[in-house]
Amino acid sequence: MKIAFIGGGNMASALIAGLANKLTAGAHIHVADPSAEALARLQQQFGVTTAEQADAVAAAADVIVLAVKPQAMRAVAAQLLPLLQAVPGRQPLIVSIAAGIRGADLSRWLGGYGAIVRCMPNTPALIGMGITGMVATAGVSAAQKQAADHILRAVGPTVWLDDEAQIDAVTAVSGSGPAYVFYFIEAMQQAAQEMGLSAEQGKQLAMATFTGAAQLAQQSDEPVTLLRERVTSKGGTTYAALTSMEASGVKPAIIQAMKAAAARGKEMGDELGAAS
Ligand SMILES: NC(=O)C1=CN([C@@H]2O[C@H](COP(=O)(O)OP(=O)(O)OC[C@H]3O[C@@H](n4cnc5c(N)ncnc54)[C@H](OP(=O)(O)O)[C@@H]3O)[C@@H](O)[C@H]2O)C=CC1
Ligand SMILES: O=C(O)[C@@H]1CCC=N1
């Protein structure tokens, strides 16, 4: 399978890193990006072949992964359109990872192209610990759906959606989610230092706590609420912290923030789709 990445930035690099050591014999990754420096780095790290122009890498691809910013997607579609129309019957699968951009808009920009899978991965893909929400448009064959699943599964589990509108919620939960976790870790590290621990000690304690708690929650049959309650001795230190968080409205603020992320995804779809 020949996989062409259009865009070699943050998310494409994370996917390529996860994919590179899992490809079976005969599979190959090609990457297009305007930055010669980014291409040289990807070539050196992962042995991919590269070009600065999208159509140069996409011409012979079985799967074309669109990994540019949502705002650049329409221009990339215009670059790919002649190529998709050049050989009638040749239908490479288009996999879009862009937040917001709807399958119907992308299809229209690609001249009514049908074989499109929309997906929302996340950056822990870099270490093979990503998770991806995916949805296929009606023109995707069972074999293409399987190919898309195979590619994204190389960097973590996949969650298939029935309704494309759900992908904005996936974006808000797991697409943007790593940033919320990093934000919480930053706050814990800052608090550790303000209470007299060194930066290194704060980092070690916060990181191990996050990893340990996440693993415990994943491996436990019990709900996270119960796991939280087990840490919370009545009148103790955790109780003091959680009471403070409740008083500050931390949980509603997180829920509101995530709804803002989903709303922004929908808004981007409206803005960028409406421009055509
Ligand atoms: N970052 C994340 O955590 C996630 C991102 N996504 C989605 O992934 C997509 C990419 O995001 P991200 O990797 O963060 O963005 P980046 O800006 O890091 O990467 C996009 C890359 O595409 C390049 N590019 C722009 N136009 C073209 C073109 N015509 N042909 C080839 N390459 C081009 C850009 O070059 P230049 O900078 O020179 O314009 C840039 O290097 C977005 O649509 C985003 O919504 C999805 C899930 C998670
Ligand atoms: O912030 C963004 O728009 C992208 C999509 C999900 C993560 N990063």
# chains A, B, ... in the order shown; residues from 1 in each chain; ligands from 1
call {"tool": "residues_near_ligand", "arguments": {"ligand": "ligand 2", "cutoff": "9 Å", "atoms": "only C-alpha atoms and all ligand atoms", "output": "ChimeraX atom specification"}}
result
/A:11,69-70,97-100,120-123,171-172,174-179,261,264-265
call {"tool": "write_last_selection", "arguments": {"atoms": "C-alpha atoms", "output": "tab-separated table (two decimals), in the first residue's frame"}}
result
chain	number	residue	atom	x	y	z
A	11	MET	CA	-0.08	15.50	13.41
A	69	LYS	CA	-4.64	22.92	8.48
A	70	PRO	CA	-8.40	23.13	7.83
A	97	ILE	CA	-7.72	14.40	9.55
A	98	ALA	CA	-8.75	18.08	9.50
A	99	ALA	CA	-10.91	19.38	12.33
A	100	GLY	CA	-14.20	20.87	11.14
A	120	MET	CA	-9.78	12.62	14.21
A	121	PRO	CA	-6.52	11.21	15.61
A	122	ASN	CA	-4.45	12.71	18.44
A	123	THR	CA	-0.77	13.40	19.08
A	171	THR	CA	-12.42	16.34	18.45
A	172	ALA	CA	-13.36	18.00	21.75
A	174	SER	CA	-9.65	13.06	22.35
A	175	GLY	CA	-8.40	15.28	19.47
A	176	SER	CA	-7.84	18.34	21.63
A	177	GLY	CA	-7.79	16.27	24.85
A	178	PRO	CA	-4.00	15.82	25.15
A	179	ALA	CA	-3.72	19.61	25.50
A	261	ALA	CA	-14.05	23.00	21.31
A	264	ARG	CA	-15.57	25.62	17.22
A	265	GLY	CA	-15.28	22.46	15.12
call {"tool": "select_by_dssp", "arguments": {"residues": "range 53-191 of chain A", "states": "alpha helix (DSSP H)", "output": "VMD selection string"}}
result
chain A and resid 54 to 58 73 to 86 103 to 109 142 to 153 167 to 170 177 to 191
call {"tool": "atom_distance", "arguments": {"atom1": "CA of Gly89 in chain A", "atom2": "CA of Thr49 in chain A"}}
result
26.0 Å
call {"tool": "atom_distance", "arguments": {"atom1": "CA of Gln218 in chain A", "atom2": "CA of Met134 in chain A"}}
result
21.9 Å
call {"tool": "select_by_dssp", "arguments": {"residues": "range 19-264 of chain A", "states": "strand (DSSP E)", "output": "JSON, numbers by chain"}}
result
{"A": [28, 29, 30, 31, 32, 49, 50, 51, 63, 64, 65, 66, 93, 94, 95, 96, 116, 117, 118, 119, 120, 132, 133, 134, 135, 136, 158, 159, 160]}
call {"tool": "atom_distance", "arguments": {"atom1": "CA of His30 in chain A", "atom2": "CA of Val57 in chain A"}}
result
5.8 Å
call {"tool": "closest_residue", "arguments": {"among": "A:Gly130, A:Gly8, A:Gly273, A:Gly112", "to": "Val159 in chain A", "atoms": "only C-alpha atoms"}}
result
A:Gly130
call {"tool": "closest_residue", "arguments": {"among": "A:Ser248, A:Gln85, A:Gln44, A:Thr132", "to": "ligand 1", "atoms": "only C-alpha atoms and all ligand atoms"}}
result
A:Thr132
call {"tool": "closest_residue", "arguments": {"among": "A:Ala147, A:Ile3, A:Val173, A:Leu161", "to": "ligand 1", "atoms": "only C-alpha atoms and all ligand atoms"}}
result
A:Val173
call {"tool": "closest_residue", "arguments": {"among": "A:Tyr180, A:Val155, A:Glu200, A:Val140", "to": "Ala253 in chain A", "atoms": "only C-alpha atoms"}}
result
A:Tyr180
call {"tool": "residues_around", "arguments": {"residues": "Gly111 in chain A", "least_positions_apart": "2", "cutoff": "12 Å", "atoms": "only C-alpha atoms", "output": "number ranges by chain"}}
result
A: 74, 77-85, 104-109, 113-115
call {"tool": "write_last_selection", "arguments": {"atoms": "C-alpha atoms", "output": "PDB file, in the first residue's frame"}}
result
ATOM      1  CA  ARG A  74      -9.609  23.705  -0.108  1.00  0.00           C
ATOM      2  CA  ALA A  77      -8.230  19.768  -2.881  1.00  0.00           C
ATOM      3  CA  ALA A  78      -7.789  22.050  -5.915  1.00  0.00           C
ATOM      4  CA  GLN A  79      -4.234  20.706  -6.333  1.00  0.00           C
ATOM      5  CA  LEU A  80      -5.454  17.098  -6.200  1.00  0.00           C
ATOM      6  CA  LEU A  81      -8.561  17.471  -8.378  1.00  0.00           C
ATOM      7  CA  PRO A  82      -6.863  17.064 -11.804  1.00  0.00           C
ATOM      8  CA  LEU A  83      -5.039  14.015 -10.573  1.00  0.00           C
ATOM      9  CA  LEU A  84      -8.223  12.351  -9.297  1.00  0.00           C
ATOM     10  CA  GLN A  85      -9.958  13.054 -12.592  1.00  0.00           C
ATOM     11  CA  ALA A 104     -19.587  16.765   1.826  1.00  0.00           C
ATOM     12  CA  ASP A 105     -17.522  19.964   1.390  1.00  0.00           C
ATOM     13  CA  LEU A 106     -14.331  18.033   0.731  1.00  0.00           C
ATOM     14  CA  SER A 107     -16.174  15.824  -1.747  1.00  0.00           C
ATOM     15  CA  ARG A 108     -17.514  18.906  -3.567  1.00  0.00           C
ATOM     16  CA  TRP A 109     -14.038  20.513  -3.703  1.00  0.00           C
ATOM     17  CA  TYR A 113     -15.373  12.492  -5.124  1.00  0.00           C
ATOM     18  CA  GLY A 114     -16.905   9.684  -3.066  1.00  0.00           C
ATOM     19  CA  ALA A 115     -14.124   7.714  -1.370  1.00  0.00           C
TER      20      ALA A 115
END
call {"tool": "closest_residue", "arguments": {"among": "A:Val224, A:Ala60, A:Ala240, A:Ala67", "to": "ligand 1", "atoms": "only C-alpha atoms and all ligand atoms"}}
result
A:Ala67
